[in-house]
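Novice: So here's target-v8.cif (mmCIF, C-alpha atoms).
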```
data_upload
loop_
_atom_site.label_atom_id
_atom_site.label_comp_id
_atom_site.auth_asym_id
_atom_site.auth_seq_id
_atom_site.Cartn_x
_atom_site.Cartn_y
_atom_site.Cartn_z
CA MET L 1 5.87 20.14 -22.90
CA SER L 2 7.84 23.39 -23.22
CA ALA L 3 11.34 23.70 -21.84
CA THR L 4 12.53 26.68 -19.79
CA PRO L 5 14.34 29.14 -22.10
CA ASP L 6 17.91 30.20 -21.42
CA THR L 7 19.10 33.83 -21.46
CA ASN L 8 18.97 33.83 -25.26
CA GLY L 9 15.36 32.77 -25.34
CA GLN L 10 16.25 29.19 -26.33
CA PRO L 11 15.49 26.03 -24.29
CA SER L 12 18.51 25.05 -22.19
CA ALA L 13 20.08 21.62 -22.68
CA ALA L 14 19.53 20.84 -18.99
CA SER L 15 15.83 21.64 -19.08
CA SER L 16 15.33 19.66 -22.30
CA GLU L 17 17.03 16.63 -20.74
CA GLY L 18 14.81 17.01 -17.67
CA ALA L 19 11.74 17.04 -19.90
CA ARG L 20 12.92 13.93 -21.73
CA PHE L 21 13.54 12.15 -18.42
CA ALA L 22 10.09 13.15 -17.15
CA ASP L 23 8.52 11.81 -20.33
CA ARG L 24 10.35 8.47 -20.02
CA TYR L 25 9.46 8.11 -16.33
CA LEU L 26 5.79 8.95 -16.77
CA ARG L 27 5.48 6.66 -19.78
CA TYR L 28 7.01 3.83 -17.79
CA VAL L 29 4.72 4.36 -14.80
CA SER L 30 1.75 4.41 -17.18
CA GLU L 31 2.90 1.10 -18.67
CA VAL L 32 3.31 -0.43 -15.20
CA LEU L 33 -0.17 0.69 -14.17
CA SER L 34 -1.70 -0.75 -17.34
CA ASN L 35 -0.36 -4.20 -16.44
CA ILE L 36 -1.84 -4.44 -12.93
CA ASP L 37 -4.54 -7.10 -12.58
CA ARG L 38 -7.89 -5.29 -12.29
CA GLU L 39 -9.62 -8.36 -10.85
CA ALA L 40 -7.08 -8.49 -8.03
CA ILE L 41 -7.90 -4.86 -7.22
CA ALA L 42 -11.62 -5.68 -7.17
CA THR L 43 -11.05 -8.70 -4.90
CA PHE L 44 -9.07 -6.55 -2.47
CA ALA L 45 -11.73 -3.82 -2.42
CA ASP L 46 -14.44 -6.41 -1.77
CA ALA L 47 -12.38 -7.83 1.11
CA LEU L 48 -12.22 -4.37 2.69
CA LEU L 49 -15.96 -3.86 2.30
CA ALA L 50 -16.59 -7.26 3.87
CA ALA L 51 -14.26 -6.38 6.76
CA ARG L 52 -16.24 -3.20 7.33
CA GLU L 53 -19.48 -5.16 7.30
CA ARG L 54 -18.35 -7.51 10.07
CA GLN L 55 -16.46 -4.74 11.94
CA ALA L 56 -13.11 -6.45 11.51
CA THR L 57 -9.87 -4.49 11.82
CA ILE L 58 -7.71 -3.83 8.76
CA PHE L 59 -4.00 -3.62 9.59
CA PHE L 60 -1.47 -2.03 7.21
CA ILE L 61 2.28 -2.67 7.41
CA GLY L 62 5.31 -1.57 5.39
CA ASN L 63 8.86 -0.24 5.62
CA GLY L 64 10.32 3.05 4.39
CA GLY L 65 8.20 4.56 1.64
CA SER L 66 5.76 1.69 2.08
CA ALA L 67 5.36 2.66 5.74
CA ALA L 68 4.31 6.12 4.58
CA THR L 69 1.83 4.54 2.16
CA ALA L 70 0.44 2.40 4.99
CA SER L 71 -0.19 5.51 7.09
CA HIS L 72 -1.59 7.41 4.12
CA TRP L 73 -4.01 4.57 3.34
CA VAL L 74 -5.32 4.48 6.91
CA ASN L 75 -5.80 8.25 6.82
CA ASP L 76 -7.86 7.96 3.65
CA LEU L 77 -9.80 4.89 4.72
CA THR L 78 -10.86 6.05 8.18
CA ARG L 79 -12.30 9.42 7.18
CA TRP L 80 -15.67 8.00 6.19
CA ARG L 81 -18.31 9.36 8.58
CA GLY L 82 -20.93 6.69 8.07
CA ARG L 83 -20.42 3.09 9.14
CA PRO L 84 -16.63 3.23 9.51
CA PHE L 85 -13.68 1.21 8.36
CA ARG L 86 -11.65 0.05 11.35
CA ALA L 87 -8.10 0.51 10.04
CA LEU L 88 -4.75 0.83 11.78
CA SER L 89 -1.20 1.29 10.52
CA LEU L 90 1.29 -0.71 12.59
CA THR L 91 4.05 1.67 11.49
CA GLU L 92 2.87 4.48 13.78
CA ASN L 93 3.83 3.46 17.34
CA VAL L 94 7.47 4.53 17.45
CA ALA L 95 7.90 3.48 21.09
CA MET L 96 6.65 -0.03 20.32
CA LEU L 97 8.66 -0.32 17.10
CA THR L 98 11.92 0.75 18.71
CA ALA L 99 11.38 -1.30 21.87
CA VAL L 100 10.71 -4.52 19.98
CA ALA L 101 13.51 -3.82 17.49
CA ASN L 102 15.96 -3.10 20.30
CA ASP L 103 15.00 -6.01 22.55
CA TYR L 104 14.06 -8.75 20.08
CA GLY L 105 15.13 -7.60 16.60
CA TYR L 106 13.55 -5.57 13.81
CA ASP L 107 12.19 -8.72 12.17
CA HIS L 108 9.54 -8.92 14.91
CA VAL L 109 8.16 -5.36 14.97
CA PHE L 110 4.93 -6.13 13.08
CA ARG L 111 4.35 -9.71 14.21
CA TRP L 112 4.61 -8.63 17.86
CA GLN L 113 1.81 -6.10 17.37
CA LEU L 114 -0.38 -8.57 15.49
CA GLU L 115 0.02 -11.07 18.31
CA ASN L 116 -1.54 -8.51 20.66
CA LEU L 117 -4.12 -6.93 18.36
CA MET L 118 -5.24 -9.28 15.59
CA THR L 119 -8.26 -11.54 15.92
CA PRO L 120 -9.46 -14.19 13.42
CA GLY L 121 -11.09 -12.57 10.40
CA ASP L 122 -9.09 -9.35 10.60
CA VAL L 123 -7.35 -8.22 7.41
CA VAL L 124 -3.59 -7.68 7.23
CA VAL L 125 -2.31 -5.66 4.26
CA ALA L 126 1.44 -5.81 3.64
CA ILE L 127 2.96 -3.24 1.29
CA SER L 128 6.42 -4.23 0.06
CA ALA L 129 8.22 -3.59 -3.21
CA SER L 130 10.55 -6.58 -2.85
CA GLY L 131 8.17 -8.80 -0.91
CA ASN L 132 11.16 -10.14 1.01
CA SER L 133 11.48 -7.88 4.06
CA PRO L 134 11.85 -10.26 7.03
CA ASN L 135 9.47 -8.32 9.27
CA ILE L 136 6.81 -8.40 6.55
CA VAL L 137 7.27 -12.12 5.97
CA GLU L 138 7.14 -12.89 9.70
CA ALA L 139 3.97 -10.85 10.17
CA MET L 140 2.18 -12.49 7.27
CA LYS L 141 3.14 -15.97 8.38
CA TYR L 142 1.61 -15.19 11.75
CA ALA L 143 -1.54 -13.70 10.23
CA ARG L 144 -1.99 -16.66 7.91
CA ALA L 145 -1.53 -19.16 10.76
CA HIS L 146 -4.07 -17.37 12.96
CA GLU L 147 -6.97 -16.98 10.51
CA GLY L 148 -6.21 -13.48 9.34
CA ILE L 149 -7.11 -12.49 5.79
CA THR L 150 -3.79 -11.73 4.12
CA VAL L 151 -3.22 -9.18 1.36
CA GLY L 152 0.02 -8.24 -0.36
CA LEU L 153 0.89 -5.26 -2.53
CA THR L 154 4.12 -6.25 -4.22
CA GLY L 155 6.58 -5.18 -6.91
CA PHE L 156 9.67 -6.60 -8.67
CA ASP L 157 9.08 -10.38 -8.85
CA GLY L 158 6.75 -10.43 -5.83
CA GLY L 159 9.25 -12.08 -3.51
CA ALA L 160 8.18 -14.38 -0.68
CA LEU L 161 5.15 -12.23 0.08
CA ARG L 162 3.46 -13.04 -3.22
CA ASP L 163 3.12 -16.71 -2.26
CA LEU L 164 2.16 -16.07 1.37
CA VAL L 165 -1.04 -14.11 0.84
CA GLU L 166 -4.58 -14.91 -0.22
CA ILE L 167 -4.94 -11.72 -2.24
CA ASN L 168 -2.03 -10.19 -4.11
CA ILE L 169 -1.93 -7.03 -6.20
CA HIS L 170 1.33 -7.23 -8.08
CA VAL L 171 2.99 -4.19 -9.61
CA PRO L 172 5.22 -5.59 -12.39
CA THR L 173 8.49 -3.67 -12.17
CA SER L 174 12.15 -4.56 -12.54
CA VAL L 175 14.13 -5.40 -9.41
CA GLY L 176 15.29 -2.21 -7.70
CA GLU L 177 12.69 0.12 -9.23
CA TYR L 178 11.33 1.36 -5.92
CA GLY L 179 10.06 4.69 -7.23
CA PRO L 180 7.61 3.39 -9.86
CA THR L 181 6.53 0.55 -7.56
CA GLU L 182 5.75 2.89 -4.68
CA ASP L 183 4.07 5.32 -7.08
CA ALA L 184 1.73 2.53 -8.15
CA HIS L 185 1.01 1.45 -4.58
CA LEU L 186 -0.01 4.98 -3.65
CA ILE L 187 -2.22 5.22 -6.73
CA LEU L 188 -3.84 1.95 -5.63
CA ASP L 189 -4.56 3.61 -2.27
CA HIS L 190 -6.45 6.41 -3.97
CA LEU L 191 -8.11 4.14 -6.52
CA VAL L 192 -9.40 1.62 -3.98
CA THR L 193 -10.41 4.26 -1.46
CA ALA L 194 -12.33 6.21 -4.11
CA TYR L 195 -14.17 3.02 -5.08
CA LEU L 196 -14.97 2.22 -1.44
CA TRP L 197 -16.27 5.71 -0.78
CA GLU L 198 -18.47 5.46 -3.85
CA ALA L 199 -19.85 2.15 -2.57
CA CYS L 200 -20.42 3.64 0.88
CA ALA L 201 -22.12 6.72 -0.57
CA ALA L 202 -24.66 4.44 -2.24
CA GLU L 203 -25.76 3.43 1.26
CA GLY L 204 -26.83 7.01 1.92
CA ALA L 205 -24.29 7.82 4.64
CA GLY L 206 -22.15 10.93 4.36
CA GLY L 207 -18.44 11.49 4.37
CA ASP L 208 -15.69 13.89 3.36
CA HIS L 209 -13.91 13.17 0.11
CA PRO L 210 -10.51 11.58 0.80
#
```
Please re-express this file's structure in structure tokens.
Specialist:
Amino acid sequence: MSATPDTNGQPSAASSEGARFADRYLRYVSEVLSNIDREAIATFADALLAARERQATIFFIGNGGSAATASHWVNDLTRWRGRPFRALSLTENVAMLTAVANDYGYDHVFRWQLENLMTPGDVVVAISASGNSPNIVEAMKYARAHEGITVGLTGFDGGALRDLVEINIHVPTSVGEYGPTEDAHLILDHLVTAYLWEACAAEGAGGDHP
């Protein structure tokens, strides 16, 4: 990687340090990705295909950057034009989120929606770096108690979420490393969606590439 030259035609110290930081960051993310359980990814993908087969709904939940990943995943997953995936991000309804948070507390914003929308056999995918967000834990306890299929995408040490779900894809990062964890979760979105679209394409139905 070449650094940006300064006015004398030499790489500046600032740009060289930026290049070194980029190299360290990318190497670390590559190491994190190499340690993710491939069989867990395959199990999750199969669960989504099975949900599509029985026309179950797939709910995605998350906070902050993970909320954005939840929305991104639904965007990618629902663009297939053949037999569709029924997917919904529970981070989208701002009126519902703020009403429940204001009246009952933020811990209930996802569980409340699942109580109204989830039926037995639906899939609930929780995306959480720490795995300890109270609203995530509450939602997954509800899903588990009411015959939902529970999936967690975790980081750090997995937190409470890791032990609550049937399927867990763990991103092994140090506590507090939100950036690399969320990077990996978004890559998992694209990886799993690409695999699903390939599987759907084998059926002969058409779709736009995500």
Novice: Padding 4 Å on each side, edges along x, y and z: where is the centre of the box around the listed atoms of range 70-87 of chain L, and how long are its edges in Å to one decimal? Output it as JSON.
Specialist:
```
{"center_x": -10.2, "center_y": 4.7, "center_z": 7.3, "size_x": 29.4, "size_y": 17.4, "size_z": 16.0}
```
Novice: Run the PyMOL selection byres ((chain L and resi 69) around 12) mentally over the shown coordinates, then write out the matched residues as a VMD selection string, using the chain letters and numbers from the document.
Specialist: chain L and resid 60 to 68 70 to 77 89 to 92 125 to 129 153 181 to 190
Novice: May I ask for the distance between CA of Ala143 in chain L and CA of Thr43 in chain L, given in Å to one decimal place?
Specialist: 18.6 Å
Novice: Using all atoms listed in the file, which of the listed residues (L:Arg38, L:Arg20, L:Lys141, L:Arg27) sits closest to Val192 in chain L?
Specialist: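 Under the stated criterion, the closest residue is L:Arg38.
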Novice: Quick one: of L:Ser30, L:Ser130, L:Asn168, L:Thr57, who's nearest to Pro84 in chain L, counting only C-alpha atoms?
Specialist: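 Going through L:Ser30, L:Ser130, L:Asn168, L:Thr57 one by one, the smallest distance to Pro84 in chain L is for L:Thr57.
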Novice: In Å, with one decimal, what is the gap from CA of Val123 in chain L to CA of Ile58 in chain L?
Specialist: 4.6 Å
Novice: With all atoms listed in the file as the atoms that count, which of L:Gly159, L:Gly121, L:Gly18, L:Gly82 lies nearest to Phe59 in chain L?
Specialist: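 Of L:Gly159, L:Gly121, L:Gly18, L:Gly82, the one nearest Phe59 in chain L, counting all atoms listed in the file, is L:Gly121.
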Novice: If you count only C-alpha atoms, which residues fall within 8 Å of Arg52 in chain L, apart from same-chain ones fewer than 4 positions away, as a PyMOL selection string?
Specialist: chain L and resi 48+56-57+83-86
